[in-house]
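Student: Next comes work-v6.cif, mmCIF, C-alpha atoms, pLDDT in the B column; chains and numbers go by the auth columns:
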data_protein
loop_
_atom_site.group_PDB
_atom_site.id
_atom_site.type_symbol
_atom_site.label_atom_id
_atom_site.label_comp_id
_atom_site.label_asym_id
_atom_site.label_seq_id
_atom_site.Cartn_x
_atom_site.Cartn_y
_atom_site.Cartn_z
_atom_site.B_iso_or_equiv
_atom_site.auth_seq_id
_atom_site.auth_asym_id
ATOM 1 C CA MET A 1 8.010 -20.519 16.806 52.00 1 A
ATOM 2 C CA GLY A 2 6.814 -20.137 13.206 66.00 2 A
ATOM 3 C CA ALA A 3 4.858 -17.099 14.328 74.00 3 A
ATOM 4 C CA LEU A 4 8.145 -15.178 14.358 75.00 4 A
ATOM 5 C CA ILE A 5 8.629 -15.551 10.578 71.00 5 A
ATOM 6 C CA PRO A 6 6.672 -12.428 9.490 77.00 6 A
ATOM 7 C CA LEU A 7 8.404 -10.322 12.145 76.00 7 A
ATOM 8 C CA LEU A 8 11.842 -11.584 11.117 73.00 8 A
ATOM 9 C CA VAL A 9 11.236 -10.962 7.424 69.00 9 A
ATOM 10 C CA GLU A 10 10.017 -7.451 8.240 75.00 10 A
ATOM 11 C CA LEU A 11 13.060 -6.637 10.390 73.00 11 A
ATOM 12 C CA VAL A 12 15.692 -8.430 8.341 71.00 12 A
ATOM 13 C CA PRO A 13 14.567 -8.720 4.706 65.00 13 A
ATOM 14 C CA ALA A 14 17.574 -10.911 3.939 63.00 14 A
ATOM 15 C CA ALA A 15 16.017 -13.501 6.258 62.00 15 A
ATOM 16 C CA ALA A 16 13.457 -14.294 3.548 61.00 16 A
ATOM 17 C CA ARG A 17 16.220 -15.964 1.532 62.00 17 A
ATOM 18 C CA LEU A 18 17.041 -18.196 4.482 59.00 18 A
ATOM 19 C CA PHE A 19 13.460 -19.393 4.696 56.00 19 A
ATOM 20 C CA ILE A 20 13.370 -20.088 0.976 58.00 20 A
ATOM 21 C CA GLY A 21 16.784 -21.775 1.066 59.00 21 A
ATOM 22 C CA GLY A 22 15.848 -24.173 3.846 57.00 22 A
ATOM 23 C CA SER A 23 17.701 -22.608 6.760 62.00 23 A
ATOM 24 C CA ALA A 24 14.490 -21.516 8.442 61.00 24 A
ATOM 25 C CA SER A 25 14.730 -23.912 11.362 68.00 25 A
ATOM 26 C CA SER A 26 18.108 -22.698 12.596 76.00 26 A
ATOM 27 C CA MET A 27 17.169 -19.049 11.940 74.00 27 A
ATOM 28 C CA LEU A 28 13.950 -19.433 13.935 78.00 28 A
ATOM 29 C CA GLU A 29 15.780 -21.091 16.803 82.00 29 A
ATOM 30 C CA LYS A 30 18.357 -18.297 16.893 84.00 30 A
ATOM 31 C CA ALA A 31 15.676 -15.602 16.644 85.00 31 A
ATOM 32 C CA GLY A 32 13.658 -17.234 19.398 88.00 32 A
ATOM 33 C CA GLU A 33 16.661 -17.361 21.704 91.00 33 A
ATOM 34 C CA ILE A 34 17.504 -13.723 21.010 92.00 34 A
ATOM 35 C CA ALA A 35 13.875 -12.676 21.525 92.00 35 A
ATOM 36 C CA VAL A 36 13.731 -14.391 24.894 94.00 36 A
ATOM 37 C CA GLN A 37 17.012 -12.753 25.957 95.00 37 A
ATOM 38 C CA ILE A 38 15.852 -9.271 25.000 95.00 38 A
ATOM 39 C CA PHE A 39 12.075 -9.352 25.437 96.00 39 A
ATOM 40 C CA GLY A 40 11.503 -12.331 27.728 97.00 40 A
ATOM 41 C CA THR A 41 9.152 -13.966 25.202 94.00 41 A
ATOM 42 C CA LYS A 42 8.810 -15.422 21.710 90.00 42 A
ATOM 43 C CA ASP A 43 5.335 -13.947 21.232 92.00 43 A
ATOM 44 C CA PRO A 44 5.423 -11.634 18.179 88.00 44 A
ATOM 45 C CA ALA A 45 2.667 -9.321 19.481 91.00 45 A
ATOM 46 C CA THR A 46 4.510 -8.792 22.749 94.00 46 A
ATOM 47 C CA ILE A 47 7.799 -8.297 20.919 91.00 47 A
ATOM 48 C CA ARG A 48 6.242 -5.670 18.630 90.00 48 A
ATOM 49 C CA ALA A 49 4.750 -3.841 21.611 95.00 49 A
ATOM 50 C CA GLN A 50 8.065 -3.811 23.434 95.00 50 A
ATOM 51 C CA MET A 51 9.895 -2.684 20.291 92.00 51 A
ATOM 52 C CA SER A 52 7.483 0.233 19.923 93.00 52 A
ATOM 53 C CA ALA A 53 7.962 1.193 23.549 97.00 53 A
ATOM 54 C CA ASP A 54 11.753 0.819 23.637 96.00 54 A
ATOM 55 C CA GLN A 55 13.777 1.668 20.542 94.00 55 A
ATOM 56 C CA THR A 56 16.991 0.490 22.215 95.00 56 A
ATOM 57 C CA LYS A 57 15.584 -3.026 22.519 94.00 57 A
ATOM 58 C CA ALA A 58 14.348 -2.837 18.931 91.00 58 A
ATOM 59 C CA GLU A 59 17.752 -1.838 17.589 92.00 59 A
ATOM 60 C CA CYS A 60 19.526 -4.469 19.680 93.00 60 A
ATOM 61 C CA PHE A 61 17.164 -7.178 18.352 90.00 61 A
ATOM 62 C CA LYS A 62 17.676 -6.081 14.754 86.00 62 A
ATOM 63 C CA ALA A 63 21.447 -5.980 15.191 89.00 63 A
ATOM 64 C CA LEU A 64 21.629 -9.437 16.695 88.00 64 A
ATOM 65 C CA LEU A 65 19.435 -10.886 13.947 81.00 65 A
ATOM 66 C CA SER A 66 21.639 -9.512 11.185 76.00 66 A
#
As a first step, turn the structure in this file into structure tokens.

Tutor:
Amino acid sequence: MGALIPLLVELVPAAARLFIGGSASSMLEKAGEIAVQIFGTKDPATIRAQMSADQTKAECFKALLS
């Protein structure tokens, strides 16, 4: 699940503060659940590929992470 950290920080820069402040575990769990709902996986490479192919999914993911 930690593999999602770079992707999350890229998409939601405010997430970096959560990782520094110690809320990383709950943020990663939430992000993982959202990723599975939207993309069917927690794999960052697959998520990036799907985001590139489908901007609607990308925007939905970003919105739900914020």

Student: Between CA of Phe61 (chain A) and CA of Leu8 (chain A), what is the spacing in Å?

Tutor: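 Answer for the CA of Leu8 (chain A) to CA of Phe61 (chain A) separation: 10.0 Å.
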
Student: CA of Pro6 (chain A) and CA of Gly32 (chain A) are how many Å apart?

Tutor: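 Result for CA of Pro6 (chain A) versus CA of Gly32 (chain A): 13.0 Å, one decimal.
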
Student: To verify the selection step, state as JSON, numbers by chain which residues the PyMOL selection byres ((chain A and resi 3) around 10) yields on this input.

Tutor: {"A": [1, 2, 4, 5, 6, 7, 8, 28, 42, 43, 44, 45]}

Student: Just give me the gap between CA of Glu29 (chain A) and CA of Met51 (chain A) in Å, one decimal is fine.

Tutor: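 CA of Met51 (chain A) lies at a distance of 19.6 Å from CA of Glu29 (chain A).
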
Student: Find the spatial neighbours of Ile47 (chain A), counting all atoms listed in the file, within a cut-off of 9 Å - ignore same-chain residues fewer than 6 positions away - and output them as a PyMOL selection string.

Tutor: chain A and resi 35+39-41+58
